[in-house]
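Text of entry.csv, listed as CSV, C-alpha atoms:
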chain,number,residue,atom,x,y,z
A,113,MET,CA,102.3,64.8,85.8
A,114,GLN,CA,100.7,65.3,82.4
A,115,VAL,CA,102.3,67.0,79.4
A,116,GLU,CA,100.3,67.9,76.3
A,117,ARG,CA,102.3,69.2,73.3
A,118,LEU,CA,99.8,71.4,71.4
A,119,ALA,CA,102.2,72.6,68.7
A,120,PRO,CA,106.0,72.7,68.3
A,121,SER,CA,106.1,75.9,70.5
A,122,ASN,CA,103.0,75.4,72.6
A,123,GLU,CA,102.8,73.1,75.6
A,124,ARG,CA,100.6,72.5,78.6
A,125,TYR,CA,102.0,70.9,81.7
A,126,GLU,CA,99.9,69.8,84.7
A,127,ASP,CA,100.7,68.1,88.0
A,128,ARG,CA,98.6,67.7,91.1
A,129,HIS,CA,99.6,71.2,92.3
A,130,GLY,CA,99.0,73.4,89.3
A,131,SER,CA,99.4,73.9,85.6
A,132,LEU,CA,101.7,75.7,83.1
A,133,SER,CA,101.0,76.9,79.6
A,134,PHE,CA,104.1,77.7,77.6
A,135,VAL,CA,103.7,79.5,74.2
A,136,VAL,CA,106.3,80.9,71.8
A,137,PRO,CA,104.1,82.7,69.2
A,138,TYR,CA,106.9,84.5,67.5
A,139,PRO,CA,110.7,84.0,67.5
A,140,GLY,CA,112.2,85.1,70.8
A,141,LEU,CA,108.8,85.9,72.5
A,142,VAL,CA,107.7,83.6,75.3
A,143,ARG,CA,104.5,83.6,77.4
A,144,MET,CA,104.1,81.4,80.4
A,145,THR,CA,100.9,81.1,82.4
A,146,VAL,CA,101.0,79.4,85.8
A,147,GLU,CA,97.9,78.5,87.7
A,148,GLY,CA,97.7,77.0,91.2
A,149,ARG,CA,100.9,76.1,93.1
A,150,ALA,CA,104.2,75.9,91.1
A,151,SER,CA,106.0,72.7,91.9
A,152,GLY,CA,109.7,71.7,91.6
A,153,PRO,CA,108.9,69.4,88.7
A,154,MET,CA,107.0,72.2,87.0
A,155,SER,CA,110.1,74.5,87.4
A,156,GLN,CA,112.3,71.8,85.8
A,157,ARG,CA,109.9,71.7,82.8
A,158,ILE,CA,110.0,75.5,82.6
A,159,VAL,CA,113.8,75.5,82.5
A,160,GLN,CA,113.8,72.8,79.8
A,161,LEU,CA,111.3,74.8,77.7
A,162,LEU,CA,113.2,78.0,78.1
A,163,GLU,CA,116.5,76.3,77.3
A,164,GLY,CA,115.0,75.1,74.0
A,165,ALA,CA,113.5,78.4,73.1
A,166,LEU,CA,116.8,80.2,73.9
A,167,ALA,CA,118.8,77.7,71.8
A,168,ARG,CA,116.4,78.3,68.8
A,169,HIS,CA,116.1,82.0,69.1
A,170,GLY,CA,119.2,83.4,70.7
A,171,GLN,CA,117.4,85.9,72.9
A,172,LEU,CA,114.1,85.9,74.7
A,173,ALA,CA,111.5,88.4,75.9
A,174,VAL,CA,109.7,86.6,78.7
A,175,PHE,CA,106.2,87.2,79.8
A,176,ASP,CA,105.1,85.4,83.0
A,177,ASP,CA,101.4,85.4,83.9
A,178,TRP,CA,101.3,84.3,87.5
A,179,GLU,CA,98.1,86.1,88.3
A,180,ASN,CA,96.3,82.9,89.2
A,181,ALA,CA,99.3,81.3,90.9
A,182,THR,CA,98.6,80.6,94.6
A,183,GLY,CA,102.2,80.0,95.5
A,184,TYR,CA,105.3,78.0,94.8
A,185,GLU,CA,107.8,75.6,96.3
A,186,SER,CA,111.1,77.4,97.3
A,187,GLU,CA,112.9,75.2,94.7
A,188,VAL,CA,110.9,77.0,92.0
A,189,ARG,CA,112.2,80.5,92.9
A,190,ILE,CA,115.8,79.2,93.3
A,191,ARG,CA,115.8,77.3,90.0
A,192,LEU,CA,114.1,80.1,87.9
A,193,THR,CA,116.3,82.8,89.4
A,194,ASP,CA,119.5,80.8,88.9
A,195,TRP,CA,118.5,80.1,85.3
A,196,THR,CA,117.7,83.8,84.6
A,197,GLU,CA,120.9,84.9,86.2
A,198,ARG,CA,123.0,82.6,84.0
A,199,HIS,CA,121.2,83.8,80.9
A,200,GLN,CA,120.3,87.4,81.7
A,201,GLN,CA,122.5,88.8,78.9
A,202,ARG,CA,120.2,87.0,76.4
A,203,ILE,CA,116.9,88.0,78.1
A,204,PRO,CA,116.5,91.7,77.5
A,205,GLU,CA,113.1,91.9,79.2
A,206,THR,CA,111.0,90.0,81.7
A,207,HIS,CA,107.4,91.0,82.4
A,208,VAL,CA,105.5,89.5,85.3
A,209,LEU,CA,101.9,89.7,86.4
A,210,ALA,CA,101.6,88.4,90.0
A,211,GLY,CA,98.4,87.9,91.8
A,212,SER,CA,99.5,86.7,95.2
A,213,LYS,CA,101.6,88.5,97.8
A,214,LEU,CA,103.9,85.4,98.1
A,215,VAL,CA,104.7,85.5,94.3
A,216,SER,CA,105.3,89.3,94.6
A,217,MET,CA,107.7,88.7,97.5
A,218,GLY,CA,109.6,86.1,95.5
A,219,LEU,CA,109.9,88.5,92.6
A,220,ALA,CA,111.4,91.1,94.9
A,221,VAL,CA,114.0,88.6,96.1
A,222,ALA,CA,114.8,87.5,92.5
A,223,ALA,CA,115.3,91.2,91.5
A,224,ILE,CA,117.8,91.6,94.2
A,225,VAL,CA,119.7,88.5,93.2
A,226,LEU,CA,119.6,89.5,89.5
A,227,ARG,CA,120.6,93.1,90.2
A,228,LYS,CA,118.1,93.9,87.5
A,229,PRO,CA,114.6,95.1,87.9
A,230,LEU,CA,111.9,92.8,86.6
A,231,GLN,CA,109.0,94.6,85.0
A,232,VAL,CA,106.2,93.7,87.4
A,233,HIS,CA,102.8,94.7,86.2
A,234,PRO,CA,100.2,95.9,88.8
A,235,THR,CA,97.2,95.0,86.6
A,236,ARG,CA,96.2,92.6,83.9
A,237,ALA,CA,95.6,95.6,81.6
A,238,SER,CA,99.2,96.8,82.0
A,239,PHE,CA,100.6,93.3,81.3
A,240,GLU,CA,98.4,92.8,78.2
A,241,ARG,CA,99.4,96.2,76.8
A,242,ALA,CA,103.1,95.2,77.2
A,243,TRP,CA,102.3,91.9,75.6
A,244,ALA,CA,100.5,93.5,72.7
A,245,SER,CA,103.4,95.9,72.1
A,246,ALA,CA,105.9,93.0,72.1
A,247,VAL,CA,103.7,91.0,69.6
A,248,ALA,CA,103.3,94.1,67.4
A,249,SER,CA,107.0,94.7,67.2
A,250,ARG,CA,107.5,91.1,65.9
A,251,ARG,CA,104.9,91.2,63.1
For this file, write the structure as structure tokens.
Amino acid sequence: MQVERLAPSNERYEDRHGSLSFVVPYPGLVRMTVEGRASGPMSQRIVQLLEGALARHGQLAVFDDWENATGYESEVRIRLTDWTERHQQRIPETHVLAGSKLVSMGLAVAAIVLRKPLQVHPTRASFERAWASAVASRR
């Protein structure tokens, strides 16, 4: 595992399975990019980073770019879904770009558990438009 803190709200995490980039460019706006296979330890780090951002900002709009994620350990889906369920009143929107069918299936399961639709984007362009809108609303 390798963690590189690039700035107070910008971190890159890598382990032998994949990588995570976590950025909070504006208060309450989070963007995570996962590449490769998401591991249990990576999901622990995601939860720690989300907890810190939520404590600092009160609410979060979360953008998950999993286009280049090849899969995940079941612990990842369970941990992230549980965390989101506990805090969903403070997470008004979640946007996800999924590239693999496995990630898309996990999102469908998470949406059932959360009883709340996740905004899953079918294309990079759709995801980036939503991101640009969120950024513009915070400027």
**Study point:** Nearby residues (all atoms listed in the file) at most 8 Å from Thr145 of chain A, same-chain spacing under 2 positions excluded, as a ChimeraX atom specification
**Key:** /A:132-134,143,147,176-178
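One finds atom CA of His199 of chain A at 26.3 Å from atom CA of Asn180 of chain A.
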Point to revise | Neighbour list for Trp243 of chain A as a list of chain:residue names, cut-off 8 Å, all atoms listed in the file, skip fewer than 4 positions in-chain | key: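 Those residues are A:Phe175, A:Phe239, A:Val247.
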Check your understanding: By how many Å are atom CA of Leu162 of chain A and atom CA of Leu209 of chain A apart?
Key ->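 Straight-line distance from atom CA of Leu162 of chain A to atom CA of Leu209 of chain A works out to 18.3 Å.
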Practice item. Kindly indicate which residue among A:Leu230, A:Leu219, A:Val208, A:Ile203 lies nearest to Val188 of chain A, using only C-alpha atoms for the distances. Key: A:Leu219
Check your understanding: At what distance in Å, to one decimal, does atom CA of Ala210 of chain A lie from atom CA of Tyr138 of chain A?
Key -> 23.4 Å
Exercise for review: Just the residues within 12 Å of Tyr184 of chain A, please, counting all atoms listed in the file, with nothing from its chain fewer than 4 positions along; format it as a PyMOL selection string.
Suggested key: chain A and resi 129-131+146-155+178+180+188-192+212-219
Once you have the residues from the selection above, write them out as a PDB file, keeping the file's coordinate frame, restricted to C-alpha atoms.
ATOM      1  CA  HIS A 129      99.600  71.200  92.300  1.00  0.00           C
ATOM      2  CA  GLY A 130      99.000  73.400  89.300  1.00  0.00           C
ATOM      3  CA  SER A 131      99.400  73.900  85.600  1.00  0.00           C
ATOM      4  CA  VAL A 146     101.000  79.400  85.800  1.00  0.00           C
ATOM      5  CA  GLU A 147      97.900  78.500  87.700  1.00  0.00           C
ATOM      6  CA  GLY A 148      97.700  77.000  91.200  1.00  0.00           C
ATOM      7  CA  ARG A 149     100.900  76.100  93.100  1.00  0.00           C
ATOM      8  CA  ALA A 150     104.200  75.900  91.100  1.00  0.00           C
ATOM      9  CA  SER A 151     106.000  72.700  91.900  1.00  0.00           C
ATOM     10  CA  GLY A 152     109.700  71.700  91.600  1.00  0.00           C
ATOM     11  CA  PRO A 153     108.900  69.400  88.700  1.00  0.00           C
ATOM     12  CA  MET A 154     107.000  72.200  87.000  1.00  0.00           C
ATOM     13  CA  SER A 155     110.100  74.500  87.400  1.00  0.00           C
ATOM     14  CA  TRP A 178     101.300  84.300  87.500  1.00  0.00           C
ATOM     15  CA  ASN A 180      96.300  82.900  89.200  1.00  0.00           C
ATOM     16  CA  VAL A 188     110.900  77.000  92.000  1.00  0.00           C
ATOM     17  CA  ARG A 189     112.200  80.500  92.900  1.00  0.00           C
ATOM     18  CA  ILE A 190     115.800  79.200  93.300  1.00  0.00           C
ATOM     19  CA  ARG A 191     115.800  77.300  90.000  1.00  0.00           C
ATOM     20  CA  LEU A 192     114.100  80.100  87.900  1.00  0.00           C
ATOM     21  CA  SER A 212      99.500  86.700  95.200  1.00  0.00           C
ATOM     22  CA  LYS A 213     101.600  88.500  97.800  1.00  0.00           C
ATOM     23  CA  LEU A 214     103.900  85.400  98.100  1.00  0.00           C
ATOM     24  CA  VAL A 215     104.700  85.500  94.300  1.00  0.00           C
ATOM     25  CA  SER A 216     105.300  89.300  94.600  1.00  0.00           C
ATOM     26  CA  MET A 217     107.700  88.700  97.500  1.00  0.00           C
ATOM     27  CA  GLY A 218     109.600  86.100  95.500  1.00  0.00           C
ATOM     28  CA  LEU A 219     109.900  88.500  92.600  1.00  0.00           C
TER      29      LEU A 219
END
For Ala242 of chain A, work out the shell of residues within 10 Å, counting all atoms listed in the file and skipping chain neighbours fewer than 4 positions away, then give it as an mmCIF file with C-alpha atoms, in the frame of the given file.
data_model
loop_
_atom_site.group_PDB
_atom_site.id
_atom_site.type_symbol
_atom_site.label_atom_id
_atom_site.label_comp_id
_atom_site.auth_asym_id
_atom_site.auth_seq_id
_atom_site.Cartn_x
_atom_site.Cartn_y
_atom_site.Cartn_z
ATOM 1 C CA PHE A 175 106.200 87.200 79.800
ATOM 2 C CA HIS A 207 107.400 91.000 82.400
ATOM 3 C CA GLN A 231 109.000 94.600 85.000
ATOM 4 C CA HIS A 233 102.800 94.700 86.200
ATOM 5 C CA ARG A 236 96.200 92.600 83.900
ATOM 6 C CA ALA A 237 95.600 95.600 81.600
ATOM 7 C CA SER A 238 99.200 96.800 82.000
ATOM 8 C CA ALA A 246 105.900 93.000 72.100
ATOM 9 C CA VAL A 247 103.700 91.000 69.600
ATOM 10 C CA ALA A 248 103.300 94.100 67.400
#
Exercise for review: Do a neighbour search on segment 169-173 of chain A at 7 Å with only C-alpha atoms, toss out local chain neighbours closer than 4 positions, and write the hits as a PyMOL selection string.
Suggested key: chain A and resi 139-142+165+202-206
